[in-house]
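Peer 1: mmCIF, C-alpha atoms, file my_file-v6.cif:
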```cif
data_my_file
#
loop_
_atom_site.label_atom_id
_atom_site.label_comp_id
_atom_site.auth_asym_id
_atom_site.auth_seq_id
_atom_site.Cartn_x
_atom_site.Cartn_y
_atom_site.Cartn_z
CA MET A 1 -164.29 -165.35 83.00
CA ASN A 2 -162.08 -166.84 85.72
CA VAL A 3 -160.58 -164.23 88.05
CA THR A 4 -158.09 -165.23 90.74
CA TYR A 5 -158.28 -163.23 93.96
CA ILE A 6 -155.58 -162.78 96.59
CA SER A 7 -156.43 -162.04 100.23
CA LEU A 8 -154.45 -159.25 101.91
CA LYS A 9 -153.93 -160.38 105.51
CA GLY A 10 -151.50 -157.74 106.73
CA HIS A 11 -154.06 -155.55 108.52
CA VAL A 12 -154.13 -155.54 112.31
CA GLU A 13 -157.57 -155.82 113.98
CA ILE A 14 -159.24 -154.13 111.03
CA GLU A 15 -162.76 -154.99 112.24
CA LYS A 16 -162.11 -153.01 115.39
CA TYR A 17 -160.06 -150.09 114.01
CA ARG A 18 -161.25 -149.77 110.39
CA TYR A 19 -162.65 -146.24 110.83
CA PHE A 20 -159.60 -145.13 112.81
CA TYR A 21 -157.31 -146.37 110.02
CA PHE A 22 -159.47 -144.75 107.34
CA PHE A 23 -159.71 -141.32 108.97
CA MET A 24 -156.00 -141.42 109.81
CA MET A 25 -154.81 -142.30 106.30
CA LEU A 26 -157.29 -140.22 104.24
CA PRO A 27 -155.89 -136.85 105.48
CA VAL A 28 -152.37 -138.21 104.90
CA TYR A 29 -153.18 -138.98 101.26
CA ILE A 30 -154.85 -135.58 100.76
CA LEU A 31 -151.84 -133.86 102.35
CA ILE A 32 -149.43 -135.81 100.13
CA VAL A 33 -151.28 -134.85 96.95
CA CYS A 34 -151.82 -131.20 97.93
CA SER A 35 -148.30 -130.52 99.26
CA ASN A 36 -146.52 -132.18 96.33
CA CYS A 37 -148.81 -130.61 93.73
CA THR A 38 -148.36 -127.15 95.31
CA ILE A 39 -144.59 -127.24 94.84
CA ILE A 40 -144.91 -128.77 91.36
CA SER A 41 -147.27 -125.91 90.41
CA LEU A 42 -144.84 -123.30 91.76
CA ILE A 43 -142.03 -124.77 89.66
CA VAL A 44 -144.23 -124.84 86.54
CA ILE A 45 -145.60 -121.29 87.02
CA HIS A 46 -142.43 -119.36 87.95
CA LYS A 47 -139.87 -118.99 85.17
CA ASN A 48 -136.92 -118.53 87.53
CA LEU A 49 -137.56 -122.11 88.66
CA HIS A 50 -137.29 -123.48 85.11
CA GLU A 51 -133.79 -124.77 85.79
CA PRO A 52 -132.58 -128.41 85.69
CA MET A 53 -132.42 -128.74 89.48
CA TYR A 54 -136.04 -127.61 89.96
CA ILE A 55 -137.26 -129.62 86.97
CA PHE A 56 -135.82 -132.77 88.58
CA ILE A 57 -137.45 -131.81 91.89
CA ALA A 58 -140.82 -131.45 90.12
CA ALA A 59 -140.31 -134.89 88.53
CA LEU A 60 -139.44 -136.39 91.93
CA LEU A 61 -142.57 -134.92 93.53
CA THR A 62 -144.69 -136.13 90.59
CA ASN A 63 -143.23 -139.55 91.29
CA SER A 64 -144.40 -139.26 94.92
CA VAL A 65 -147.98 -138.43 93.85
CA LEU A 66 -148.11 -141.36 91.41
CA PHE A 67 -146.54 -143.69 94.00
CA SER A 68 -149.16 -142.73 96.60
CA THR A 69 -152.05 -142.94 94.14
CA ASN A 70 -151.00 -146.50 93.33
CA ILE A 71 -151.41 -147.49 97.01
CA TYR A 72 -153.79 -145.22 98.92
CA PRO A 73 -157.15 -145.48 97.03
CA LYS A 74 -157.10 -149.31 97.25
CA LEU A 75 -155.85 -149.19 100.85
CA LEU A 76 -158.60 -146.78 101.93
CA THR A 77 -161.22 -148.94 100.20
CA ASP A 78 -159.91 -152.02 102.01
CA PHE A 79 -160.24 -150.32 105.40
CA LEU A 80 -164.00 -150.00 104.84
CA SER A 81 -164.48 -153.39 103.16
CA ASN A 82 -165.54 -156.61 104.84
CA GLU A 83 -162.93 -158.54 102.86
CA GLN A 84 -159.50 -157.25 101.84
CA VAL A 85 -158.96 -158.89 98.46
CA ILE A 86 -157.38 -157.95 95.15
CA SER A 87 -157.43 -159.70 91.78
CA TYR A 88 -154.17 -161.33 90.70
CA GLN A 89 -153.92 -159.08 87.62
CA ALA A 90 -154.51 -155.92 89.70
CA CYS A 91 -151.92 -157.16 92.21
CA LEU A 92 -149.31 -157.56 89.47
CA PHE A 93 -150.12 -154.09 88.15
CA GLN A 94 -149.70 -152.62 91.65
CA ILE A 95 -146.32 -154.35 91.97
CA PHE A 96 -145.30 -153.07 88.53
CA VAL A 97 -146.14 -149.45 89.40
CA PHE A 98 -144.72 -149.68 92.95
CA TYR A 99 -141.28 -150.95 91.95
CA SER A 100 -141.09 -148.98 88.68
CA LEU A 101 -141.62 -145.71 90.55
CA SER A 102 -139.26 -146.84 93.32
CA GLY A 103 -136.55 -147.39 90.71
CA SER A 104 -137.39 -144.04 89.10
CA GLU A 105 -136.84 -142.38 92.47
CA PHE A 106 -133.23 -143.61 92.63
CA LEU A 107 -132.55 -142.69 89.00
CA LEU A 108 -134.02 -139.20 89.47
CA LEU A 109 -131.83 -138.73 92.56
CA ALA A 110 -128.85 -139.86 90.47
CA ALA A 111 -129.76 -137.29 87.80
CA MET A 112 -130.02 -134.61 90.51
CA SER A 113 -126.62 -135.57 91.92
CA TYR A 114 -125.14 -135.28 88.41
CA ASP A 115 -126.72 -131.83 88.04
CA ARG A 116 -125.16 -130.72 91.36
CA TYR A 117 -121.80 -132.25 90.35
CA VAL A 118 -121.71 -130.26 87.09
CA SER A 119 -122.94 -127.08 88.82
CA ILE A 120 -120.29 -127.20 91.57
CA CYS A 121 -117.35 -128.97 89.94
CA LYS A 122 -117.72 -127.63 86.38
CA PRO A 123 -119.59 -124.31 86.75
CA LEU A 124 -118.26 -122.80 83.50
CA GLN A 125 -119.52 -125.76 81.49
CA TYR A 126 -122.89 -126.04 83.28
CA ALA A 127 -124.97 -124.22 80.63
CA ILE A 128 -123.43 -126.34 77.86
CA ILE A 129 -123.78 -129.73 79.60
CA MET A 130 -127.15 -129.28 81.33
CA ARG A 131 -129.21 -128.16 78.36
CA LYS A 132 -132.95 -128.79 78.11
CA ARG A 133 -132.33 -131.71 75.77
CA THR A 134 -130.05 -133.33 78.37
CA ASP A 135 -132.66 -132.76 81.10
CA PHE A 136 -135.42 -134.43 79.09
CA ILE A 137 -133.17 -137.38 78.17
CA LEU A 138 -132.31 -137.93 81.85
CA LEU A 139 -135.98 -137.61 82.86
CA GLY A 140 -137.05 -140.03 80.12
CA LEU A 141 -134.42 -142.61 81.11
CA ALA A 142 -135.36 -142.28 84.81
CA TRP A 143 -138.89 -143.47 84.01
CA ILE A 144 -138.41 -145.69 80.93
CA VAL A 145 -135.52 -147.85 82.25
CA PRO A 146 -137.34 -149.07 85.42
CA PHE A 147 -140.61 -149.52 83.52
CA CYS A 148 -138.89 -151.75 80.92
CA HIS A 149 -137.16 -153.85 83.59
CA LEU A 150 -140.35 -154.29 85.64
CA PHE A 151 -142.42 -155.02 82.53
CA VAL A 152 -140.24 -158.08 81.88
CA LEU A 153 -140.31 -159.20 85.54
CA VAL A 154 -144.04 -158.76 86.07
CA GLY A 155 -144.93 -159.99 82.59
CA GLY A 156 -143.01 -163.19 83.28
CA ASN A 157 -145.26 -163.91 86.28
CA VAL A 158 -148.61 -163.30 84.57
CA LYS A 159 -149.19 -167.00 83.87
CA SER A 160 -147.37 -168.36 86.95
CA GLU A 161 -149.37 -170.87 88.96
CA LEU A 162 -150.32 -169.90 92.52
CA CYS A 163 -150.24 -172.46 95.35
CA SER A 164 -151.32 -169.95 98.01
CA PHE A 165 -153.77 -167.05 97.85
CA THR A 166 -152.95 -165.23 101.09
CA LEU A 167 -150.49 -162.33 101.10
CA LYS A 168 -149.06 -161.12 104.41
CA GLY A 169 -149.32 -157.44 103.55
CA ILE A 170 -151.67 -154.51 103.07
CA PHE A 171 -150.73 -154.06 99.42
CA CYS A 172 -148.93 -156.13 96.79
CA ASN A 173 -145.14 -156.29 96.75
CA ASN A 174 -142.39 -158.83 96.07
CA SER A 175 -143.69 -161.12 98.82
CA ILE A 176 -146.05 -162.42 96.11
CA ASN A 177 -143.11 -164.66 95.09
CA TYR A 178 -143.91 -166.81 98.14
CA LEU A 179 -147.32 -167.60 96.63
CA PHE A 180 -145.97 -169.22 93.44
CA CYS A 181 -145.82 -173.01 93.19
CA ALA A 182 -142.41 -172.84 91.50
CA GLY A 183 -140.00 -169.95 91.01
CA SER A 184 -138.29 -169.15 87.72
CA LYS A 185 -134.48 -169.07 87.87
CA ALA A 186 -134.41 -166.84 84.79
CA LEU A 187 -136.74 -164.30 86.41
CA LEU A 188 -134.81 -164.50 89.69
CA THR A 189 -131.56 -163.75 87.84
CA PHE A 190 -133.17 -160.90 85.91
CA GLY A 191 -134.57 -159.58 89.21
CA LEU A 192 -131.02 -159.31 90.56
CA VAL A 193 -129.93 -157.55 87.35
CA THR A 194 -132.86 -155.16 87.74
CA MET A 195 -131.92 -154.38 91.34
CA PHE A 196 -128.34 -153.68 90.26
CA ASN A 197 -129.40 -151.45 87.34
CA ILE A 198 -132.07 -149.34 89.04
CA VAL A 199 -130.95 -149.34 92.69
CA ILE A 200 -127.32 -150.27 93.32
CA LEU A 201 -125.78 -148.60 90.25
CA PRO A 202 -127.56 -145.25 90.82
CA MET A 203 -126.57 -145.41 94.52
CA LEU A 204 -122.90 -145.96 93.62
CA PHE A 205 -123.08 -143.11 91.11
CA ILE A 206 -124.64 -140.78 93.71
CA ILE A 207 -121.97 -141.67 96.28
CA PHE A 208 -119.23 -141.06 93.67
CA THR A 209 -120.61 -137.64 92.63
CA TYR A 210 -121.03 -136.43 96.21
CA ILE A 211 -117.50 -137.53 97.10
CA LYS A 212 -116.25 -135.46 94.15
CA ILE A 213 -118.40 -132.53 95.30
CA LEU A 214 -117.06 -132.80 98.86
CA VAL A 215 -113.46 -132.77 97.57
CA VAL A 216 -114.09 -129.62 95.49
CA VAL A 217 -116.09 -127.87 98.22
CA HIS A 218 -113.43 -128.64 100.83
CA LYS A 219 -110.89 -126.69 98.76
CA SER A 220 -113.28 -123.78 98.08
CA CYS A 221 -114.23 -120.64 100.00
CA ARG A 222 -116.97 -120.40 102.64
CA GLU A 223 -119.53 -118.95 100.18
CA VAL A 224 -119.18 -121.93 97.84
CA ARG A 225 -119.56 -124.30 100.80
CA ARG A 226 -122.73 -122.51 101.91
CA LYS A 227 -124.32 -122.69 98.44
CA ALA A 228 -123.32 -126.33 98.04
CA ALA A 229 -124.87 -127.19 101.41
CA GLN A 230 -128.12 -125.36 100.49
CA THR A 231 -128.60 -127.33 97.27
CA CYS A 232 -127.03 -130.72 98.12
CA LEU A 233 -128.32 -131.27 101.66
CA PRO A 234 -132.02 -131.67 100.64
CA HIS A 235 -131.07 -134.27 98.02
CA LEU A 236 -128.99 -136.21 100.54
CA LEU A 237 -131.81 -136.14 103.10
CA VAL A 238 -134.28 -137.50 100.53
CA LEU A 239 -131.78 -140.16 99.42
CA ILE A 240 -131.10 -141.34 102.99
CA ASN A 241 -134.81 -141.32 103.81
CA TYR A 242 -135.80 -143.31 100.73
CA SER A 243 -132.90 -145.77 101.04
CA CYS A 244 -133.93 -146.57 104.62
CA LEU A 245 -137.53 -147.16 103.53
CA MET A 246 -136.44 -149.51 100.73
CA ILE A 247 -134.27 -151.42 103.21
CA TYR A 248 -137.41 -151.71 105.39
CA ASP A 249 -139.25 -153.19 102.39
CA ILE A 250 -136.49 -155.75 101.79
CA ILE A 251 -136.39 -156.67 105.50
CA ILE A 252 -140.17 -157.16 105.62
CA ILE A 253 -140.08 -159.49 102.61
CA ARG A 254 -136.92 -161.49 103.37
CA LEU A 255 -137.61 -161.88 107.11
CA GLU A 256 -141.37 -162.22 106.72
CA SER A 257 -141.83 -165.08 109.16
CA ASP A 258 -139.64 -163.47 111.85
CA PHE A 259 -141.72 -160.28 112.15
CA SER A 260 -144.88 -159.92 114.17
CA LYS A 261 -147.96 -158.86 112.26
CA THR A 262 -148.13 -155.52 114.12
CA ALA A 263 -144.45 -154.69 113.46
CA ARG A 264 -144.86 -155.53 109.76
CA PHE A 265 -148.02 -153.41 109.56
CA ILE A 266 -146.33 -150.37 111.15
CA MET A 267 -143.21 -150.67 108.98
CA THR A 268 -145.33 -150.96 105.83
CA LEU A 269 -147.25 -147.79 106.74
CA GLN A 270 -143.92 -146.00 107.20
CA ILE A 271 -142.85 -147.03 103.69
CA ILE A 272 -145.92 -145.45 102.08
CA MET A 273 -146.14 -142.38 104.36
CA TYR A 274 -142.72 -140.94 105.14
CA ASN A 275 -141.14 -140.33 101.76
CA PRO A 276 -144.16 -138.77 99.94
CA LEU A 277 -144.76 -136.55 103.00
CA CYS A 278 -141.13 -135.62 103.64
CA ASN A 279 -140.16 -134.72 100.06
CA PRO A 280 -142.29 -131.54 99.76
CA ILE A 281 -141.35 -130.50 103.31
CA ILE A 282 -137.62 -130.92 102.65
CA TYR A 283 -137.65 -129.16 99.29
CA GLY A 284 -140.18 -126.53 100.37
CA LEU A 285 -138.17 -125.47 103.42
CA LYS A 286 -134.57 -126.16 102.38
CA MET A 287 -134.55 -124.87 98.77
CA THR A 288 -134.35 -121.09 99.10
CA GLU A 289 -136.05 -120.13 95.83
CA ILE A 290 -138.95 -122.55 96.33
CA TYR A 291 -139.33 -121.38 99.93
CA LYS A 292 -139.58 -117.73 98.79
CA HIS A 293 -142.41 -118.52 96.35
CA LEU A 294 -144.09 -120.75 98.92
CA LYS A 295 -144.01 -117.97 101.49
CA LYS A 296 -145.47 -115.48 98.99
CA LEU A 297 -148.26 -117.91 98.17
CA PHE A 298 -149.21 -118.37 101.83
CA PHE A 299 -149.09 -114.62 102.47
CA LYS A 300 -151.34 -114.05 99.46
CA ILE A 301 -153.86 -116.68 100.63
CA ARG A 302 -153.80 -115.23 104.13
CA HIS A 303 -154.34 -111.70 102.78
CA ASP A 304 -157.21 -112.80 100.54
CA CYS A 305 -158.88 -114.53 103.48
#
```
Would you encode the structure as structure tokens?

Peer 2:
Amino acid sequence: MNVTYISLKGHVEIEKYRYFYFFMMLPVYILIVCSNCTIISLIVIHKNLHEPMYIFIAALLTNSVLFSTNIYPKLLTDFLSNEQVISYQACLFQIFVFYSLSGSEFLLLAAMSYDRYVSICKPLQYAIIMRKRTDFILLGLAWIVPFCHLFVLVGGNVKSELCSFTLKGIFCNNSINYLFCAGSKALLTFGLVTMFNIVILPMLFIIFTYIKILVVVHKSCREVRRKAAQTCLPHLLVLINYSCLMIYDIIIIRLESDFSKTARFIMTLQIIMYNPLCNPIIYGLKMTEIYKHLKKLFFKIRHDC
């Protein structure tokens, strides 16, 4: 059985620093999984957190765990390996999961902005509009839509011929397009459609909803402004953080030859570290109800010890 392997050449002096990289990134991965899963568990266990806003937060944090699990186990293995290689099929699968979950992140943030819009701008209709059925439809679309788009894109490249087998990265991303002998105009066009559908359109929707929220809040009393800030600020922080990281990813790919290997390596690590680490911190500290349960949990653990 013929298996095509791609070399990952984005690591910086891995022979010299392999154990430093490994023991730096392993605790990061453990922290990502534990912190995200802790808040997900709190939302699942406590009935007062079974509201649309917290359900979307749990989905977003689940996304972070899946996103990290797609990258970190292979990355940690590569740090300890003599050769950093990945099969072409595994590389395509990693790309599929990476960009599907990235698109899901934007769509989940769009769903959360819609939830906040209804809660603040149409409070009397909130219970009618944001029913459990609506929540599950929005959650389903947030995962299914990107997966369908990426299935077509990645599936179209399965039988593409490679003229190069060296990827300037530490994991597989869209820079794999530089390895193909010839690009497909149809796939390129569909790629732009995909970006519009799962990135640009959700971003425009989020901006629209928050402008509407700002208009309503500006005309409201101080108490409404305070509550709006408590619930909307964490979502905006996550959105800004993730948008910046995706811009990093685009810059790394489009300006690949203009970046030094060290700068590309550092920026890539930021992409896979910041968002999964920041999400549980932002929601754990900024969302009052989650923070209360988190504080009780830590006090209980401390008392038991």

Peer 1: Quick one: residues within 7 Å of region 276-288 of chain A, all atoms listed in the file counted, chain neighbours fewer than 6 positions away excluded, as a list in words?

Peer 2: Ile32, Ser35, Asn36, Ile39, Leu61, Ser64, Gln230, Thr231, Pro234 and Val238 of chain A

Peer 1: Any chance you could resolve the PyMOL selection byres ((chain A and resi 242) around 12) against this file and give the residues as a PyMOL selection string?

Peer 2: chain A and resi 60+64+101-106+109+199+203+235-241+243-249+270-279

Peer 1: Name the residues that the PyMOL selection byres ((chain A and resi 72) around 12) picks from the file above, as a PyMOL selection string, using the file's chain letters and numbers.

Peer 2: chain A and resi 21-22+24-30+32-33+64-71+73-79+94+98+170-171+269+272-273+276

Peer 1: List the residues selected by the PyMOL selection byres ((chain A and resi 212-215) around 12) in the file shown, writing them as a PyMOL selection string.

Peer 2: chain A and resi 113-123+205-211+216-220+224-225+227-229+231-233

Peer 1: Store the residues picked out above in a file with C-alpha atoms, as a short mmCIF file (atom, residue, chain, number, x, y, z; two decimals), in the frame of the given file.

Peer 2:
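That gives us again-v6.cif:
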```cif
data_model
loop_
_atom_site.label_atom_id
_atom_site.label_comp_id
_atom_site.auth_asym_id
_atom_site.auth_seq_id
_atom_site.Cartn_x
_atom_site.Cartn_y
_atom_site.Cartn_z
CA SER A 113 -126.62 -135.57 91.92
CA TYR A 114 -125.14 -135.28 88.41
CA ASP A 115 -126.72 -131.83 88.04
CA ARG A 116 -125.16 -130.72 91.36
CA TYR A 117 -121.80 -132.25 90.35
CA VAL A 118 -121.71 -130.26 87.09
CA SER A 119 -122.94 -127.08 88.82
CA ILE A 120 -120.29 -127.20 91.57
CA CYS A 121 -117.35 -128.97 89.94
CA LYS A 122 -117.72 -127.63 86.38
CA PRO A 123 -119.59 -124.31 86.75
CA PHE A 205 -123.08 -143.11 91.11
CA ILE A 206 -124.64 -140.78 93.71
CA ILE A 207 -121.97 -141.67 96.28
CA PHE A 208 -119.23 -141.06 93.67
CA THR A 209 -120.61 -137.64 92.63
CA TYR A 210 -121.03 -136.43 96.21
CA ILE A 211 -117.50 -137.53 97.10
CA VAL A 216 -114.09 -129.62 95.49
CA VAL A 217 -116.09 -127.87 98.22
CA HIS A 218 -113.43 -128.64 100.83
CA LYS A 219 -110.89 -126.69 98.76
CA SER A 220 -113.28 -123.78 98.08
CA VAL A 224 -119.18 -121.93 97.84
CA ARG A 225 -119.56 -124.30 100.80
CA LYS A 227 -124.32 -122.69 98.44
CA ALA A 228 -123.32 -126.33 98.04
CA ALA A 229 -124.87 -127.19 101.41
CA THR A 231 -128.60 -127.33 97.27
CA CYS A 232 -127.03 -130.72 98.12
CA LEU A 233 -128.32 -131.27 101.66
#
```

Peer 1: As an exercise, work out the distance from CA of Lys132 (chain A) to CA of Thr62 (chain A) in Å and give it to one decimal place.

Peer 2: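 Result for CA of Lys132 (chain A) versus CA of Thr62 (chain A): 18.6 Å, one decimal.
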
Peer 1: Record the distance separating CA of Leu192 (chain A) and CA of Ser175 (chain A), expressed in Å with one decimal.

Peer 2: 15.2 Å

Peer 1: If you measure from CA of Ile57 (chain A) to CA of Val97 (chain A), what distance in Å do you get, rounded to one decimal?

Peer 2: 19.8 Å

Peer 1: Looking at all atoms listed in the file, which of A:Arg131, A:Arg264, A:Lys185, A:Lys9 is the one that sits closest to Lys168 (chain A)?

Peer 2: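 For Lys168 (chain A), the nearest of the candidates is A:Lys9.
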
Peer 1: Nearest residue to Val85 (chain A) out of A:Ala58, A:Asn157, A:Phe165, A:Ile14, using all atoms listed in the file?

Peer 2: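 The answer is A:Phe165, which sits nearest to Val85 (chain A).
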
Peer 1: Ranking A:Lys47, A:Lys159, A:His149, A:Arg302 by minimum distance to Met195 (chain A) and counting all atoms listed in the file, which one comes first?

Peer 2: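 Ranking A:Lys47, A:Lys159, A:His149, A:Arg302 by distance to Met195 (chain A), first place goes to A:His149.
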
Peer 1: For Ser7 (chain A), please output as a PyMOL selection string all residues within 8 Å (counting all atoms listed in the file; exclusion window: fewer than 5 positions along the same chain).

Peer 2: chain A and resi 83-86+165-167

Peer 1: To test the calculation: enclose all listed atoms of region 100-112 of chain A in a box whose edges run along x, y and z, add 3 Å on each side, then state centre and edge lengths in Å to one decimal, as AutoDock Vina command-line options.

Peer 2:
```
--center_x -135.2 --center_y -141.8 --center_z 90.6 --size_x 18.8 --size_y 20.4 --size_z 11.5
```

Peer 1: Give me, as a PyMOL selection string, all polymer residues having an atom no more than 10 Å from Ala90 (chain A), counting all atoms listed in the file and skipping those fewer than 6 positions away in the same chain.

Peer 2: chain A and resi 5-6+96+172

Peer 1: Pick the closest to Trp143 (chain A) from A:Leu92, A:Ile198, A:Ile43, A:Ile55: which is it, counting all atoms listed in the file?

Peer 2: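 Result for the nearest residue to Trp143 (chain A): A:Ile198.
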
Peer 1: Point out the residue among A:Ser184, A:Thr262, A:Gln125, A:Asn48 with the least atom-to-atom distance to Leu153 (chain A), counting only C-alpha atoms.

Peer 2: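 Closest residue, counting only C-alpha atoms: A:Ser184.
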
Peer 1: Here is a test: counting only C-alpha atoms, which residue of A:Leu31, A:Leu8, A:Val44, A:Val154 is nearest to Phe93 (chain A)?

Peer 2: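 Among A:Leu31, A:Leu8, A:Val44, A:Val154, it is A:Val154 that comes nearest to Phe93 (chain A).
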
Peer 1: Excluding Leu150 (chain A) and its own-chain neighbours fewer than 5 positions away, which residues fall within 8 Å of it when counting all atoms listed in the file? Please give them as a ChimeraX atom specification.

Peer 2: /A:96,99-100,155,194

Peer 1: Store the residues of this selection in a file with C-alpha atoms, as a short mmCIF file (atom, residue, chain, number, x, y, z; two decimals), in the frame of the given file.

Peer 2:
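Ended up saving to part_4.cif:
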```cif
data_model
loop_
_atom_site.label_atom_id
_atom_site.label_comp_id
_atom_site.auth_asym_id
_atom_site.auth_seq_id
_atom_site.Cartn_x
_atom_site.Cartn_y
_atom_site.Cartn_z
CA PHE A 96 -145.30 -153.07 88.53
CA TYR A 99 -141.28 -150.95 91.95
CA SER A 100 -141.09 -148.98 88.68
CA GLY A 155 -144.93 -159.99 82.59
CA THR A 194 -132.86 -155.16 87.74
#
```
